[in-house]
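> work-v7.cif (mmCIF, N, CA and C atoms) pasted underneath:
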data_input
loop_
_atom_site.label_atom_id
_atom_site.label_comp_id
_atom_site.auth_asym_id
_atom_site.auth_seq_id
_atom_site.Cartn_x
_atom_site.Cartn_y
_atom_site.Cartn_z
N MET A 425 16.31 37.77 5.58
CA MET A 425 16.34 36.48 4.93
C MET A 425 17.14 35.46 5.75
N LYS A 426 18.07 35.93 6.57
CA LYS A 426 18.92 35.00 7.31
C LYS A 426 18.22 34.37 8.50
N ASN A 427 17.09 34.94 8.95
CA ASN A 427 16.40 34.40 10.12
C ASN A 427 15.23 33.50 9.75
N ILE A 428 15.12 33.10 8.52
CA ILE A 428 14.01 32.25 8.09
C ILE A 428 14.24 30.84 8.61
N LYS A 429 13.23 30.30 9.25
CA LYS A 429 13.26 28.91 9.69
C LYS A 429 12.55 28.09 8.60
N TRP A 430 13.33 27.47 7.75
CA TRP A 430 12.80 26.81 6.56
C TRP A 430 11.87 25.66 6.89
N ILE A 431 12.05 25.04 8.04
CA ILE A 431 11.16 23.94 8.42
C ILE A 431 9.73 24.45 8.59
N PHE A 432 9.59 25.67 9.11
CA PHE A 432 8.26 26.23 9.29
C PHE A 432 7.64 26.66 7.97
N VAL A 433 8.46 27.06 7.02
CA VAL A 433 7.96 27.36 5.68
C VAL A 433 7.40 26.08 5.05
N PHE A 434 8.14 24.98 5.22
CA PHE A 434 7.67 23.70 4.71
C PHE A 434 6.35 23.29 5.35
N TYR A 435 6.28 23.39 6.70
CA TYR A 435 5.05 23.01 7.40
C TYR A 435 3.87 23.87 6.95
N SER A 436 4.09 25.16 6.78
CA SER A 436 2.98 26.03 6.39
C SER A 436 2.52 25.74 4.96
N LEU A 437 3.44 25.49 4.06
CA LEU A 437 3.06 25.16 2.68
C LEU A 437 2.35 23.81 2.61
N ALA A 438 2.80 22.87 3.41
CA ALA A 438 2.16 21.55 3.44
C ALA A 438 0.74 21.67 4.03
N ALA A 439 0.56 22.52 5.04
CA ALA A 439 -0.77 22.73 5.62
C ALA A 439 -1.70 23.39 4.61
N VAL A 440 -1.21 24.36 3.87
CA VAL A 440 -2.02 25.02 2.84
C VAL A 440 -2.40 24.01 1.76
N ALA A 441 -1.47 23.16 1.39
CA ALA A 441 -1.77 22.13 0.38
C ALA A 441 -2.85 21.18 0.89
N SER A 442 -2.79 20.82 2.17
CA SER A 442 -3.82 19.95 2.74
C SER A 442 -5.18 20.63 2.74
N MET A 443 -5.20 21.93 3.04
CA MET A 443 -6.46 22.66 3.01
C MET A 443 -7.04 22.70 1.60
N CYS A 444 -6.16 22.86 0.63
CA CYS A 444 -6.62 22.83 -0.77
C CYS A 444 -7.17 21.46 -1.13
N LEU A 445 -6.54 20.40 -0.63
CA LEU A 445 -7.02 19.05 -0.88
C LEU A 445 -8.40 18.82 -0.26
N ILE A 446 -8.65 19.45 0.88
CA ILE A 446 -9.98 19.34 1.50
C ILE A 446 -11.02 19.95 0.56
N GLY A 447 -10.73 21.11 0.02
CA GLY A 447 -11.65 21.73 -0.93
C GLY A 447 -11.83 20.89 -2.18
N PHE A 448 -10.76 20.30 -2.65
CA PHE A 448 -10.82 19.43 -3.82
C PHE A 448 -11.70 18.21 -3.53
N ALA A 449 -11.57 17.64 -2.33
CA ALA A 449 -12.37 16.48 -1.95
C ALA A 449 -13.85 16.84 -1.86
N VAL A 450 -14.14 18.03 -1.35
CA VAL A 450 -15.54 18.47 -1.28
C VAL A 450 -16.10 18.62 -2.69
N GLY A 451 -15.30 19.17 -3.59
CA GLY A 451 -15.73 19.33 -4.97
C GLY A 451 -15.96 18.00 -5.67
N MET A 452 -15.19 16.99 -5.29
CA MET A 452 -15.34 15.66 -5.90
C MET A 452 -16.42 14.83 -5.19
N HIS A 453 -16.95 15.32 -4.08
CA HIS A 453 -17.92 14.59 -3.26
C HIS A 453 -17.32 13.27 -2.77
N SER A 454 -16.04 13.32 -2.39
CA SER A 454 -15.34 12.12 -1.94
C SER A 454 -15.09 12.20 -0.44
N ILE A 455 -15.85 11.44 0.31
CA ILE A 455 -15.70 11.45 1.76
C ILE A 455 -14.37 10.82 2.20
N PRO A 456 -13.97 9.67 1.66
CA PRO A 456 -12.68 9.10 2.10
C PRO A 456 -11.49 10.03 1.82
N PHE A 457 -11.49 10.65 0.66
CA PHE A 457 -10.41 11.58 0.31
C PHE A 457 -10.43 12.79 1.23
N GLY A 458 -11.61 13.25 1.59
CA GLY A 458 -11.74 14.37 2.52
C GLY A 458 -11.23 14.02 3.90
N VAL A 459 -11.54 12.83 4.36
CA VAL A 459 -11.07 12.39 5.67
C VAL A 459 -9.54 12.28 5.69
N ILE A 460 -8.98 11.75 4.63
CA ILE A 460 -7.52 11.64 4.54
C ILE A 460 -6.88 13.03 4.55
N ALA A 461 -7.48 13.97 3.83
CA ALA A 461 -6.93 15.33 3.78
C ALA A 461 -7.02 16.01 5.15
N VAL A 462 -8.11 15.81 5.87
CA VAL A 462 -8.25 16.39 7.20
C VAL A 462 -7.23 15.77 8.17
N VAL A 463 -7.06 14.48 8.11
CA VAL A 463 -6.08 13.81 8.97
C VAL A 463 -4.67 14.31 8.64
N ALA A 464 -4.37 14.47 7.36
CA ALA A 464 -3.06 14.99 6.97
C ALA A 464 -2.87 16.40 7.51
N LEU A 465 -3.90 17.23 7.45
CA LEU A 465 -3.81 18.59 7.96
C LEU A 465 -3.54 18.60 9.46
N VAL A 466 -4.24 17.77 10.19
CA VAL A 466 -4.05 17.70 11.65
C VAL A 466 -2.63 17.23 11.98
N LEU A 467 -2.15 16.23 11.27
CA LEU A 467 -0.80 15.73 11.52
C LEU A 467 0.27 16.76 11.19
N ILE A 468 0.11 17.44 10.07
CA ILE A 468 1.10 18.44 9.66
C ILE A 468 1.13 19.61 10.64
N MET A 469 -0.05 20.12 10.99
CA MET A 469 -0.09 21.25 11.92
C MET A 469 0.39 20.83 13.31
N GLY A 470 0.04 19.62 13.72
CA GLY A 470 0.51 19.13 15.02
C GLY A 470 2.02 19.04 15.07
N ASN A 471 2.61 18.51 14.01
CA ASN A 471 4.07 18.43 13.95
C ASN A 471 4.71 19.81 13.94
N GLY A 472 4.08 20.75 13.26
CA GLY A 472 4.60 22.12 13.23
C GLY A 472 4.61 22.74 14.62
N PHE A 473 3.50 22.60 15.33
CA PHE A 473 3.43 23.17 16.68
C PHE A 473 4.38 22.45 17.64
N LYS A 474 4.51 21.14 17.46
CA LYS A 474 5.43 20.37 18.31
C LYS A 474 6.88 20.80 18.06
N THR A 475 7.22 21.02 16.81
CA THR A 475 8.57 21.47 16.46
C THR A 475 8.83 22.86 17.02
N LYS A 476 7.84 23.73 16.94
CA LYS A 476 7.99 25.08 17.47
C LYS A 476 8.22 25.05 18.98
N LYS A 477 7.46 24.22 19.68
CA LYS A 477 7.62 24.10 21.13
C LYS A 477 9.01 23.58 21.48
N LYS A 478 9.44 22.56 20.74
CA LYS A 478 10.75 21.96 20.99
C LYS A 478 11.87 22.98 20.76
N MET A 479 11.77 23.75 19.67
CA MET A 479 12.78 24.75 19.37
C MET A 479 12.77 25.88 20.39
N ARG A 480 11.58 26.24 20.87
CA ARG A 480 11.48 27.28 21.89
C ARG A 480 12.14 26.82 23.19
N GLU A 481 11.92 25.55 23.56
CA GLU A 481 12.52 25.02 24.78
C GLU A 481 14.05 24.93 24.67
N LEU A 482 14.55 24.64 23.48
CA LEU A 482 15.99 24.56 23.27
C LEU A 482 16.63 25.93 23.10
N GLY A 483 15.81 26.96 22.91
CA GLY A 483 16.32 28.31 22.73
C GLY A 483 16.81 28.60 21.34
N THR A 484 16.39 27.81 20.37
CA THR A 484 16.85 28.04 18.98
C THR A 484 15.83 28.79 18.16
N LEU A 485 14.75 29.23 18.78
CA LEU A 485 13.71 29.92 18.01
C LEU A 485 13.89 31.40 18.09
#
Mind turning this structure into structure tokens?

Amino acid sequence: MKNIKWIFVFYSLAAVASMCLIGFAVGMHSIPFGVIAVVALVLIMGNGFKTKKKMRELGTL
């Protein structure tokens, strides 16, 4: 429990929520809402990978 990187838990939960929103948008037949959900997913996952790279370079991972 002491080695948990909570920022990555947040990023993963936010990415899962975005994926759920994509499914919700498909169910509603809402293209704008789907596009927003996909953009949110890309931004969240991109930030997660960027944070991981930064932490790896600093040696804190």
> Evaluate the PyMOL selection byres ((chain A and resi 436-446) around 7) on the structure here and hand back the selected residues as a ChimeraX atom specification.
/A:431-435,447-451,457-458,461-462,464-465,468-469
> What gap, in Å, lies between atom CA of Trp430 of chain A and atom N of Gly470 of chain A?
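Straight-line distance from atom CA of Trp430 of chain A to atom N of Gly470 of chain A works out to 16.3 Å.
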> Counting only C-alpha atoms, I want the residues whose atoms come within 12 Å of (11.0, 27.4, 18.5) in the file frame, returned as a list of chain:residue names.
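Checked against the point, the hits come out as A:Ile428, A:Lys429, A:Ile431, A:Phe432, A:Gly472, A:Phe473, A:Lys474, A:Thr475, A:Lys476, A:Lys477, A:Lys478, A:Met479, A:Arg480, A:Glu481, A:Leu482, A:Gly483, A:Thr484, A:Leu485.
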> May I ask for the distance between atom N of Val466 of chain A and atom C of Ser454 of chain A, given in Å to one decimal place?
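One can read the atom N of Val466 of chain A to atom C of Ser454 of chain A distance as 16.2 Å.
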> Go ahead and compute the interatomic distance for atom N of Asn427 of chain A and atom CA of Asn471 of chain A, in Å to one decimal.
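That distance, rounded to one decimal, is 21.6 Å.
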> Could you give me the residues within chain A that DSSP places in helix (DSSP H, G or I), as a count of residues only?
51
